[in-house]
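**Student:** Sharing run_1.cif here; it has mmCIF, C-alpha atoms (C1' of nucleotides).
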data_start
loop_
_atom_site.label_atom_id
_atom_site.label_comp_id
_atom_site.auth_asym_id
_atom_site.auth_seq_id
_atom_site.Cartn_x
_atom_site.Cartn_y
_atom_site.Cartn_z
CA MET A 34 44.31 -13.14 -15.57
CA LEU A 35 45.36 -13.48 -12.01
CA LYS A 36 43.31 -16.26 -10.56
CA ARG A 37 42.58 -15.54 -6.96
CA ARG A 38 42.85 -18.36 -4.54
CA PRO A 39 39.62 -18.68 -2.60
CA ASP A 40 41.38 -17.80 0.62
CA ASP A 41 42.24 -14.31 -0.55
CA ARG A 42 38.62 -13.40 -0.94
CA PHE A 43 37.62 -14.62 2.46
CA ALA A 44 37.75 -12.76 5.69
CA PRO A 45 38.31 -14.85 8.79
CA PRO A 46 35.02 -16.56 9.63
CA ALA A 47 32.84 -14.64 12.03
CA LYS A 48 30.45 -16.45 14.32
CA ARG A 49 27.94 -13.67 14.10
CA PRO A 50 27.63 -10.87 11.58
CA PRO A 51 28.45 -7.45 13.04
CA PRO A 52 25.37 -5.51 14.10
CA ALA A 53 23.95 -3.00 11.69
CA PRO A 54 25.09 0.48 12.73
CA VAL A 55 21.96 2.57 13.14
CA LEU A 56 22.97 5.94 14.41
CA ASP A 57 19.69 7.65 15.08
CA ILE A 58 16.01 7.38 14.36
CA SER A 59 16.14 9.85 11.56
CA ASP A 60 18.76 7.95 9.63
CA ALA A 61 16.87 4.71 10.11
CA GLN A 62 13.77 6.35 8.67
CA MET A 63 15.74 7.57 5.72
CA ARG A 64 17.18 4.13 5.07
CA LEU A 65 13.70 2.71 5.24
CA ALA A 66 12.64 5.20 2.59
CA GLN A 67 15.43 3.95 0.32
CA ASP A 68 14.06 0.44 0.70
CA LEU A 69 10.49 1.56 0.11
CA LEU A 70 11.34 3.43 -3.05
CA PHE A 71 13.41 0.58 -4.38
CA PHE A 72 10.80 -2.12 -3.84
CA ALA A 73 7.81 -0.02 -4.84
CA TYR A 74 9.49 1.12 -8.04
CA ARG A 75 10.72 -2.40 -8.76
CA ASP A 76 7.25 -3.89 -8.46
CA PHE A 77 5.45 -0.98 -10.10
CA THR A 78 7.55 -1.29 -13.22
CA THR A 79 7.46 -5.08 -13.23
CA VAL A 80 3.74 -5.27 -13.95
CA ALA A 81 4.20 -3.27 -17.15
CA ASP A 82 7.37 -5.14 -18.09
CA LYS A 83 5.34 -8.31 -18.36
CA VAL A 84 3.15 -6.77 -21.04
CA LEU A 85 6.12 -5.29 -22.86
CA GLU A 86 7.91 -8.60 -22.94
CA GLU A 87 5.18 -10.18 -25.07
CA LEU A 88 5.76 -7.52 -27.69
CA GLY A 89 9.54 -7.51 -27.59
CA LEU A 90 9.60 -4.00 -26.19
CA GLY A 91 11.46 -2.65 -23.20
CA ARG A 92 10.97 -0.15 -20.45
CA ALA A 93 12.48 2.59 -22.56
CA HIS A 94 9.68 2.13 -25.08
CA HIS A 95 7.13 2.36 -22.31
CA ARG A 96 8.55 5.62 -21.07
CA ALA A 97 8.41 7.13 -24.54
CA LEU A 98 4.85 5.92 -25.11
CA HIS A 99 3.80 7.25 -21.74
CA PHE A 100 5.13 10.75 -22.18
CA ILE A 101 4.02 11.07 -25.79
CA GLY A 102 0.58 9.84 -24.75
CA ARG A 103 0.37 12.39 -22.00
CA ASN A 104 1.70 15.18 -24.22
CA PRO A 105 0.45 14.77 -27.76
CA GLY A 106 2.49 16.91 -30.08
CA LEU A 107 5.55 16.62 -27.87
CA THR A 108 8.76 17.52 -29.63
CA VAL A 109 11.82 15.31 -29.70
CA SER A 110 13.75 17.89 -27.68
CA ALA A 111 11.13 17.96 -24.99
CA LEU A 112 11.07 14.19 -24.77
CA LEU A 113 14.86 14.15 -24.48
CA ALA A 114 14.64 16.66 -21.63
CA ILE A 115 12.12 14.52 -19.78
CA LEU A 116 13.93 11.24 -20.20
CA ARG A 117 17.39 12.74 -19.71
CA ILE A 118 18.97 10.52 -22.29
CA THR A 119 20.88 11.32 -25.44
CA LYS A 120 19.39 11.81 -28.86
CA GLN A 121 21.12 8.65 -30.05
CA SER A 122 19.64 6.57 -27.26
CA LEU A 123 16.19 7.89 -27.93
CA ALA A 124 16.56 7.37 -31.67
CA ARG A 125 16.78 3.61 -31.34
CA VAL A 126 13.64 3.50 -29.24
CA LEU A 127 11.67 6.07 -31.17
CA ASN A 128 12.52 4.75 -34.62
CA LEU A 129 11.23 1.35 -33.61
CA LEU A 130 8.02 2.82 -32.26
CA VAL A 131 7.51 4.76 -35.48
CA ASP A 132 8.41 1.80 -37.69
CA GLU A 133 6.05 -0.46 -35.79
CA GLY A 134 3.26 2.07 -36.09
CA TYR A 135 2.93 3.05 -32.43
CA VAL A 136 4.00 6.65 -32.87
CA SER A 137 3.49 9.11 -35.69
CA GLN A 138 5.45 12.25 -36.42
CA ALA A 139 4.16 15.44 -37.96
CA PRO A 140 6.13 18.54 -38.85
CA GLY A 141 5.48 21.53 -36.65
CA TYR A 142 3.10 24.06 -38.08
CA GLN A 143 4.91 27.26 -37.29
CA ASP A 144 8.35 25.70 -37.10
CA ARG A 145 8.69 22.90 -39.59
CA ARG A 146 11.93 21.67 -38.09
CA LEU A 147 9.96 20.22 -35.22
CA ARG A 148 8.72 16.67 -35.25
CA LEU A 149 5.53 16.62 -33.23
CA LEU A 150 5.09 13.20 -31.73
CA THR A 151 1.71 11.59 -31.21
CA LEU A 152 0.47 8.10 -30.55
CA THR A 153 -1.31 6.29 -33.34
CA GLU A 154 -4.41 4.32 -32.47
CA LYS A 155 -2.20 1.29 -32.11
CA GLY A 156 0.09 3.25 -29.85
CA GLN A 157 -2.80 4.50 -27.78
CA ALA A 158 -4.08 0.97 -27.39
CA LEU A 159 -0.71 -0.27 -26.18
CA GLU A 160 -0.15 2.65 -23.88
CA ARG A 161 -3.62 2.06 -22.49
CA ARG A 162 -2.84 -1.56 -21.84
CA LEU A 163 0.42 -0.71 -20.11
CA PHE A 164 -1.30 1.97 -18.12
CA GLU A 165 -4.02 -0.38 -16.97
CA SER A 166 -1.56 -2.88 -15.59
CA GLN A 167 -0.06 -0.19 -13.40
CA ARG A 168 -3.40 1.44 -12.67
CA ASP A 169 -4.76 -1.77 -11.20
CA LEU A 170 -1.80 -2.14 -8.88
CA LEU A 171 -1.87 1.52 -7.97
CA GLY A 172 -5.62 1.49 -7.46
CA ARG A 173 -5.33 -1.32 -4.95
CA ALA A 174 -2.52 0.50 -3.17
CA TYR A 175 -4.50 3.74 -3.06
CA ARG A 176 -7.59 2.07 -1.70
CA GLN A 177 -5.54 0.22 0.87
CA ALA A 178 -3.65 3.31 2.02
CA GLY A 179 -6.59 5.71 1.93
CA PRO A 180 -7.04 9.15 0.38
CA GLN A 181 -5.07 11.02 3.01
CA ALA A 182 -2.09 8.75 2.47
CA VAL A 183 -2.36 9.37 -1.26
CA ASP A 184 -2.06 13.10 -0.68
CA GLY A 185 1.06 12.52 1.37
CA PHE A 186 2.47 10.16 -1.20
CA ARG A 187 2.07 12.81 -3.85
CA ALA A 188 3.47 15.57 -1.68
CA VAL A 189 6.67 13.70 -0.87
CA LEU A 190 7.29 12.51 -4.41
CA ARG A 191 6.66 15.98 -5.70
CA ALA A 192 9.19 17.39 -3.24
CA LEU A 193 11.78 14.80 -4.24
CA MET A 194 11.97 15.83 -7.86
CA ASP A 195 13.77 18.67 -9.62
CA GLU A 196 12.23 22.07 -9.75
CA GLY A 197 11.65 21.66 -13.47
CA ALA A 198 9.97 18.30 -13.12
CA ARG A 199 7.85 19.72 -10.31
CA ALA A 200 6.68 22.53 -12.57
CA TYR A 201 5.92 19.95 -15.23
CA VAL A 202 3.79 17.73 -13.02
CA ASP A 203 2.08 20.79 -11.59
CA GLY A 204 1.20 21.85 -15.10
CA THR A 205 2.92 25.18 -14.61
CA GLY A 206 5.99 24.41 -16.70
CA SER A 207 6.73 23.06 -20.12
CA ALA A 208 7.97 19.59 -20.85
CA GLU A 209 11.31 21.10 -21.81
CA ASP A 210 12.01 21.93 -18.17
CA ALA A 211 11.31 18.50 -16.80
CA MET B 264 10.33 25.01 -49.71
CA LEU B 265 7.76 22.43 -50.63
CA LYS B 266 10.29 20.38 -52.46
CA ARG B 267 11.16 18.11 -49.60
CA ARG B 268 11.81 14.51 -50.34
CA PRO B 269 8.83 12.33 -49.46
CA ASP B 270 9.21 10.31 -46.34
CA ASP B 271 6.73 7.64 -45.43
CA ARG B 272 7.74 7.98 -41.82
CA PHE B 273 5.78 11.20 -41.67
CA ALA B 274 2.09 11.50 -41.10
CA PRO B 275 0.30 14.29 -42.98
CA PRO B 276 0.95 17.54 -41.15
CA ALA B 277 -1.56 18.38 -38.48
CA LYS B 278 -2.31 21.95 -37.50
CA ARG B 279 -2.90 21.04 -33.89
CA PRO B 280 -2.05 17.95 -31.95
CA PRO B 281 -5.08 15.87 -30.96
CA PRO B 282 -6.31 16.51 -27.43
CA ALA B 283 -5.10 14.15 -24.74
CA PRO B 284 -7.87 11.67 -23.98
CA VAL B 285 -8.53 11.82 -20.26
CA LEU B 286 -11.43 9.58 -19.51
CA ASP B 287 -12.15 10.20 -15.88
CA ILE B 288 -10.65 11.76 -12.80
CA SER B 289 -9.42 8.49 -11.45
CA ASP B 290 -7.37 7.67 -14.53
CA ALA B 291 -5.87 11.15 -14.57
CA GLN B 292 -4.78 10.70 -10.98
CA MET B 293 -3.22 7.39 -11.82
CA ARG B 294 -1.33 8.86 -14.74
CA LEU B 295 -0.10 11.61 -12.50
CA ALA B 296 1.21 8.97 -10.13
CA GLN B 297 3.17 7.41 -12.98
CA ASP B 298 4.79 10.78 -13.62
CA LEU B 299 5.50 11.34 -9.96
CA LEU B 300 7.15 7.99 -9.47
CA PHE B 301 9.22 8.41 -12.60
CA PHE B 302 10.56 11.85 -11.78
CA ALA B 303 11.03 11.24 -8.07
CA TYR B 304 12.89 8.01 -8.69
CA ARG B 305 14.93 9.60 -11.45
CA ASP B 306 16.08 12.46 -9.27
CA PHE B 307 16.47 10.39 -6.11
CA THR B 308 18.87 8.02 -7.83
CA THR B 309 20.68 10.79 -9.68
CA VAL B 310 22.16 12.32 -6.53
CA ALA B 311 23.86 9.03 -5.66
CA ASP B 312 24.89 8.40 -9.25
CA LYS B 313 27.05 11.49 -9.10
CA VAL B 314 29.05 10.06 -6.22
CA LEU B 315 29.31 6.66 -7.90
CA GLU B 316 30.58 8.17 -11.11
CA GLU B 317 33.70 9.51 -9.40
CA LEU B 318 34.58 5.98 -8.34
CA GLY B 319 33.72 4.25 -11.60
CA LEU B 320 30.86 2.40 -9.98
CA GLY B 321 27.28 2.06 -11.13
CA ARG B 322 23.85 1.92 -9.66
CA ALA B 323 24.05 -1.85 -9.39
CA HIS B 324 26.99 -1.48 -7.02
CA HIS B 325 25.02 0.97 -4.92
CA ARG B 326 22.12 -1.42 -4.59
CA ALA B 327 24.40 -4.21 -3.45
CA LEU B 328 26.18 -1.95 -0.96
CA HIS B 329 22.89 -0.69 0.37
CA PHE B 330 21.34 -4.07 1.02
CA ILE B 331 24.50 -5.63 2.40
CA GLY B 332 24.90 -2.62 4.66
CA ARG B 333 21.37 -2.95 5.93
CA ASN B 334 21.68 -6.71 6.35
CA PRO B 335 25.16 -7.65 7.47
CA GLY B 336 25.71 -11.34 6.97
CA LEU B 337 23.33 -11.43 4.03
CA THR B 338 23.76 -14.47 1.83
CA VAL B 339 24.25 -14.33 -1.90
CA SER B 340 20.90 -16.07 -2.42
CA ALA B 341 19.11 -13.51 -0.32
CA LEU B 342 20.70 -10.64 -2.18
CA LEU B 343 19.68 -12.21 -5.48
CA ALA B 344 16.11 -12.49 -4.23
CA ILE B 345 16.06 -8.83 -3.24
CA LEU B 346 17.59 -7.49 -6.41
CA ARG B 347 15.74 -9.93 -8.67
CA ILE B 348 18.67 -10.37 -10.96
CA THR B 349 20.55 -13.47 -11.98
CA LYS B 350 23.56 -14.89 -10.21
CA GLN B 351 25.69 -14.05 -13.21
CA SER B 352 24.64 -10.42 -13.17
CA LEU B 353 25.34 -10.11 -9.49
CA ALA B 354 28.70 -11.87 -9.81
CA ARG B 355 30.20 -9.09 -11.88
CA VAL B 356 29.09 -6.45 -9.44
CA LEU B 357 29.93 -8.36 -6.29
CA ASN B 358 33.33 -9.57 -7.44
CA LEU B 359 34.35 -6.01 -8.12
CA LEU B 360 33.14 -4.87 -4.72
CA VAL B 361 35.08 -7.68 -3.05
CA ASP B 362 38.20 -7.09 -5.13
CA GLU B 363 38.12 -3.37 -4.40
CA GLY B 364 37.74 -4.05 -0.71
CA TYR B 365 34.22 -2.73 -0.20
CA VAL B 366 32.66 -6.06 0.72
CA SER B 367 34.01 -9.04 2.61
CA GLN B 368 32.74 -12.57 2.56
CA ALA B 369 32.78 -15.05 5.40
CA PRO B 370 31.67 -18.66 5.32
CA GLY B 371 28.49 -19.42 7.20
CA TYR B 372 29.02 -20.87 10.61
CA GLN B 373 26.45 -23.64 10.61
CA ASP B 374 26.32 -23.99 6.84
CA ARG B 375 29.73 -23.40 5.39
CA ARG B 376 28.41 -23.26 1.83
CA LEU B 377 27.01 -19.82 2.56
CA ARG B 378 28.98 -16.68 1.87
CA LEU B 379 27.91 -14.15 4.44
CA LEU B 380 28.35 -10.70 2.98
CA THR B 381 29.35 -7.70 5.05
CA LEU B 382 30.70 -4.26 4.30
CA THR B 383 34.31 -3.54 5.14
CA GLU B 384 35.13 -0.22 6.74
CA LYS B 385 35.83 1.13 3.28
CA GLY B 386 32.47 -0.22 2.12
CA GLN B 387 30.70 1.30 5.10
CA ALA B 388 32.29 4.64 4.37
CA LEU B 389 31.19 4.57 0.77
CA GLU B 390 27.70 3.38 1.59
CA ARG B 391 27.49 6.14 4.16
CA ARG B 392 28.49 8.72 1.61
CA LEU B 393 25.95 7.45 -0.89
CA PHE B 394 23.31 7.35 1.79
CA GLU B 395 24.00 10.90 2.85
CA SER B 396 23.50 12.28 -0.62
CA GLN B 397 20.06 10.72 -0.72
CA ARG B 398 19.32 11.49 2.92
CA ASP B 399 19.85 15.19 2.34
CA LEU B 400 17.45 15.25 -0.57
CA LEU B 401 14.93 13.10 1.27
CA GLY B 402 15.25 15.17 4.42
CA ARG B 403 14.37 18.34 2.55
CA ALA B 404 11.43 16.59 0.92
CA TYR B 405 10.19 15.24 4.25
CA ARG B 406 10.41 18.61 5.95
CA GLN B 407 8.69 20.28 3.06
CA ALA B 408 5.86 17.75 2.90
CA GLY B 409 5.38 17.35 6.63
CA PRO B 410 5.16 14.32 8.90
CA GLN B 411 1.65 13.38 7.96
CA ALA B 412 2.60 13.32 4.30
CA VAL B 413 5.55 11.11 5.14
CA ASP B 414 3.22 8.58 6.73
CA GLY B 415 1.10 8.57 3.61
CA PHE B 416 4.14 8.28 1.40
CA ARG B 417 5.25 5.23 3.30
CA ALA B 418 1.80 3.68 3.33
CA VAL B 419 1.34 3.91 -0.43
CA LEU B 420 4.82 2.69 -1.29
CA ARG B 421 4.40 -0.17 1.13
CA ALA B 422 1.12 -1.12 -0.53
CA LEU B 423 2.69 -0.98 -3.98
CA MET B 424 5.25 -3.66 -3.35
CA ASP B 425 5.07 -7.44 -3.32
CA GLU B 426 3.87 -9.25 -0.27
CA GLY B 427 7.37 -10.57 0.31
CA ALA B 428 9.01 -7.18 0.04
CA ARG B 429 6.36 -5.77 2.36
CA ALA B 430 7.20 -8.40 4.96
CA TYR B 431 10.85 -7.55 4.51
CA VAL B 432 10.46 -3.81 5.05
CA ASP B 433 8.10 -4.47 7.95
CA GLY B 434 10.80 -6.61 9.49
CA THR B 435 8.45 -9.59 9.65
CA GLY B 436 9.99 -11.52 6.79
CA SER B 437 13.40 -12.65 5.71
CA ALA B 438 15.43 -11.10 2.94
CA GLU B 439 14.86 -14.24 0.90
CA ASP B 440 11.19 -13.33 0.46
CA ALA B 441 11.76 -9.81 -0.75
"C1'" DT C 176 26.20 -42.93 -0.41
"C1'" DA C 177 23.00 -40.25 -3.37
"C1'" DG C 178 20.86 -36.28 -4.19
"C1'" DT C 179 20.19 -31.40 -3.22
"C1'" DT C 180 21.66 -26.82 -2.43
"C1'" DA C 181 24.80 -22.51 -2.38
"C1'" DA C 182 27.81 -20.43 -4.92
"C1'" DG C 183 31.01 -19.63 -8.76
"C1'" DT C 184 32.15 -19.50 -13.60
"C1'" DC C 185 32.28 -19.52 -18.88
"C1'" DA C 186 30.19 -18.07 -23.10
"C1'" DA C 187 27.03 -15.73 -25.76
"C1'" DT C 188 23.42 -12.27 -26.29
"C1'" DA C 189 20.22 -8.15 -25.51
"C1'" DA C 190 18.61 -3.61 -23.88
"C1'" DT C 191 19.86 0.69 -22.86
"C1'" DG C 192 22.76 3.99 -21.99
"C1'" DC C 193 27.14 6.90 -23.56
"C1'" DT C 194 30.64 9.92 -26.71
"C1'" DG C 195 32.17 11.90 -30.97
"C1'" DA C 196 31.54 13.19 -35.51
"C1'" DC C 197 28.91 14.62 -39.10
"C1'" DC C 198 24.66 15.67 -41.95
"C1'" DT C 199 20.15 18.10 -43.47
"C1'" DA C 200 16.49 21.26 -43.05
"C1'" DT C 201 14.74 25.22 -41.25
"C1'" DA C 202 14.59 29.51 -38.67
"C1'" DT C 203 16.37 33.90 -37.42
"C1'" DG C 204 19.23 38.01 -36.94
"C1'" DC C 205 21.89 41.26 -39.38
"C1'" DG D 222 20.75 37.45 -48.93
"C1'" DC D 223 23.80 35.44 -45.94
"C1'" DA D 224 25.73 33.75 -41.65
"C1'" DT D 225 24.65 31.38 -37.82
"C1'" DA D 226 21.86 28.86 -34.63
"C1'" DT D 227 18.62 25.29 -33.76
"C1'" DA D 228 15.89 20.80 -34.37
"C1'" DG D 229 16.57 16.63 -35.67
"C1'" DG D 230 18.81 12.42 -37.77
"C1'" DT D 231 22.52 9.12 -38.38
"C1'" DC D 232 26.88 6.32 -38.23
"C1'" DA D 233 30.33 4.06 -35.51
"C1'" DG D 234 32.03 2.40 -31.39
"C1'" DC D 235 31.80 1.39 -26.55
"C1'" DA D 236 30.12 0.53 -21.40
"C1'" DT D 237 26.91 -1.14 -18.08
"C1'" DT D 238 23.69 -4.09 -16.70
"C1'" DA D 239 20.75 -7.34 -17.59
"C1'" DT D 240 19.62 -12.17 -19.83
"C1'" DT D 241 19.98 -17.71 -20.78
"C1'" DG D 242 22.26 -22.10 -20.70
"C1'" DA D 243 25.65 -25.21 -19.25
"C1'" DC D 244 28.84 -26.67 -16.15
"C1'" DT D 245 31.76 -27.08 -11.70
"C1'" DT D 246 32.85 -27.32 -6.74
"C1'" DA D 247 31.87 -27.73 -2.06
"C1'" DA D 248 28.98 -28.85 1.53
"C1'" DC D 249 24.69 -30.17 3.54
"C1'" DT D 250 20.93 -33.77 4.21
"C1'" DA D 251 18.04 -37.88 3.88
#
Let me see the structure of the file written as structure tokens.
**Tutor:**
Amino acid sequence: MLKRRPDDRFAPPAKRPPPAPVLDISDAQMRLAQDLLFFAYRDFTTVADKVLEELGLGRAHHRALHFIGRNPGLTVSALLAILRITKQSLARVLNLLVDEGYVSQAPGYQDRRLRLLTLTEKGQALERRLFESQRDLLGRAYRQAGPQAVDGFRAVLRALMDEGARAYVDGTGSAEDA
Amino acid sequence: MLKRRPDDRFAPPAKRPPPAPVLDISDAQMRLAQDLLFFAYRDFTTVADKVLEELGLGRAHHRALHFIGRNPGLTVSALLAILRITKQSLARVLNLLVDEGYVSQAPGYQDRRLRLLTLTEKGQALERRLFESQRDLLGRAYRQAGPQAVDGFRAVLRALMDEGARAYVDGTGSAEDA
DNA sequence: TAGTTAAGTCAATAATGCTGACCTATATGC
DNA sequence: GCATATAGGTCAGCATTATTGACTTAACTA
């Protein structure tokens, strides 16, 4: 391993950092939006992470619980399409949730190859608890920002996502498209 | 065939999945917001991930480039506070960015223990490219949703984040608080 | 000078993602 | 009935990004 001497990694000292290049208002607004999304998402997920940590679960488990809870009878394929991860990645998460009794599987009625996923009572209770941590934060934010802001919030987020995901959240598409 | 091997991982088959329990309007709205944030964040980050993939970089590198680019002369401590990761996690990412010539470090002028981080020209070019991929998506979303929606979007995201992060994005706090 | 702080580093571990290969069960089209 | 496609599961290995704990060096500060 080539050990760098400290000097190689250092630029000549600058008295003052160079000014941030902001080209126009529009770009500055866009960069602000990057910040906003990063911090809001960071802190929105953190409140649920705290609950998950107690149980030795991760964010991936939360996502699965959330989407199964919202779509009882969801198939594995549909969940994969939503999460955009591989079958092998989901397997680790889902097998644990099934083994621990949070999720139950039932064969499809018409097509018995399907594994329809639902939350058990235990799973519903956990999902509820996770939901409430985020709901409280979100509720405060909604009240603070006001109903008109909430409409705008939803409109922009909706426009940011894929066409398929948009159809899904609008209720006009299937989970497979998300 | 009925002669399938028994599997205690399977619940008894259910004709129809149980209905989703939606307790009141407010909760349904909150659950929708969870969906919106998930999908919007997923697709917002994906556009930059595609650029990063070509260069063998990850999302962690993008985050570092973004915040150094927005805050030239940022210290390592401040970047750690923003990203909320450990020094060891950042080290891997930052050392690569320095070694590859995206980021340069300069000792602090008053306090020479500090490593003031700035983007090199190469780093600025990459950050710009990453930014533009997200700016294009965001620009379309903003135009589609309209200026009033954008205000609401910003207000809710701002309210979702920590007090420190809020001060940071408002420009009234230091990066250390974020 | 003593203690604190900023940063770097080593070692080990965990969560979550990936690819490739292969398997079973079931459905469907001919 | 048979060939093929589809839904799902599994094994093995690997990459990225995070973690904790312990330690070091350099420089600031009381």
**Student:** May I have the residues at most 12 Å from (5.3, -5.0, -12.9) in the file's coordinates, counting all atoms listed in the file, as a ChimeraX atom specification?
**Tutor:** /A:72-86,92,163-171 /B:423-425
**Student:** Please give the root-mean-square deviation of the Cα atoms once chain B has been least-squares fitted onto chain A, pairing every Cα in order.
**Tutor:**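 Pairing the C-alpha atoms in order and fitting gives 3.2 Å.
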**Student:** Can you give me, as a VMD selection string, the residues this file yields under the PyMOL selection byres ((chain C and resi 199) around 12)?
**Tutor:** (chain A and resid 146) or (chain B and resid 267 to 268) or (chain C and resid 197 to 198 200 to 201) or (chain D and resid 228 to 231)
**Student:** Going by the chain IDs and residue numbers used in this file, which residues fall under the PyMOL selection byres ((chain D and resi 235) around 8)? Write them as a ChimeraX atom specification.
**Tutor:** /C:193 /D:234,236
**Student:** Hey, which of B:Leu389, B:Val366, B:Leu377, B:Asp298 ends up closest to Ala208 of chain A? Count all atoms listed in the file.
**Tutor:**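 Looking only at the distances to Ala208 of chain A, the closest residue turns out to be B:Asp298.
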**Student:** Interatomic distance between atom CA of Val131 of chain A and atom C1' of DA202 of chain C?
**Tutor:**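 Atom C1' of DA202 of chain C lies at a distance of 25.9 Å from atom CA of Val131 of chain A.
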**Student:** What is the distance between atom CA of Ile118 of chain A and atom CA of Phe100 of chain A, in Å to one decimal?
**Tutor:**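 So the two atoms, atom CA of Ile118 of chain A and atom CA of Phe100 of chain A, lie 13.8 Å apart.
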**Student:** Select, as a PyMOL selection string, those residues of chain A with any atom no more than 10 Å from chain C (distances computed using all atoms listed in the file).
**Tutor:** chain A and resi 90-93+118-119+121-123+125-126+144-147
**Student:** For chain D, report every residue with an atom at most 7 Å from chain B (counting only C-alpha atoms (C1' of nucleotides)), formatted as number ranges by chain.
**Tutor:** D: 239, 247-248
**Student:** Can you measure atom CA of Arg392 of chain B to atom CA of Leu359 of chain B for me? One decimal in Å is fine.
**Tutor:**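 Atom CA of Leu359 of chain B lies 18.6 Å from atom CA of Arg392 of chain B.
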**Student:** Go through A:Asp203, A:Gly179, A:Leu112, A:Phe186 one by one, measure the shortest atom-to-atom distance of each to chain B using all atoms listed in the file, and give the residue with the smallest value.
**Tutor:**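 Ranked by minimum distance to chain B, first place goes to A:Phe186.
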**Student:** Between B:Glu439, B:Glu384, B:Glu363, B:Asp290, which has the minimum distance to chain A (counting only C-alpha atoms)?
**Tutor:**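 Checking each of B:Glu439, B:Glu384, B:Glu363, B:Asp290 against chain A, counting only C-alpha atoms, the winner is B:Asp290.
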**Student:** For Arg421 of chain B, list every protein, DNA or RNA residue within 10 Å, evaluated using all atoms listed in the file, and leave out those in the same chain fewer than 5 positions away; present the list as a ChimeraX atom specification.
**Tutor:** /A:66,68-70,72-73,174,177-178 /B:415-416,426,428-430,432-433
**Student:** Ranking A:Ser110, A:Thr153, A:Thr205, A:Ser137 by minimum distance to chain B and counting only C-alpha atoms, which one comes first?
**Tutor:**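 For chain B, the nearest of the candidates is A:Ser137.
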**Student:** When you count only C-alpha atoms, which of these residues is closest to Arg187 of chain A: B:Ser437, B:Thr381, B:Gln387, B:Gln297?
**Tutor:** B:Gln297
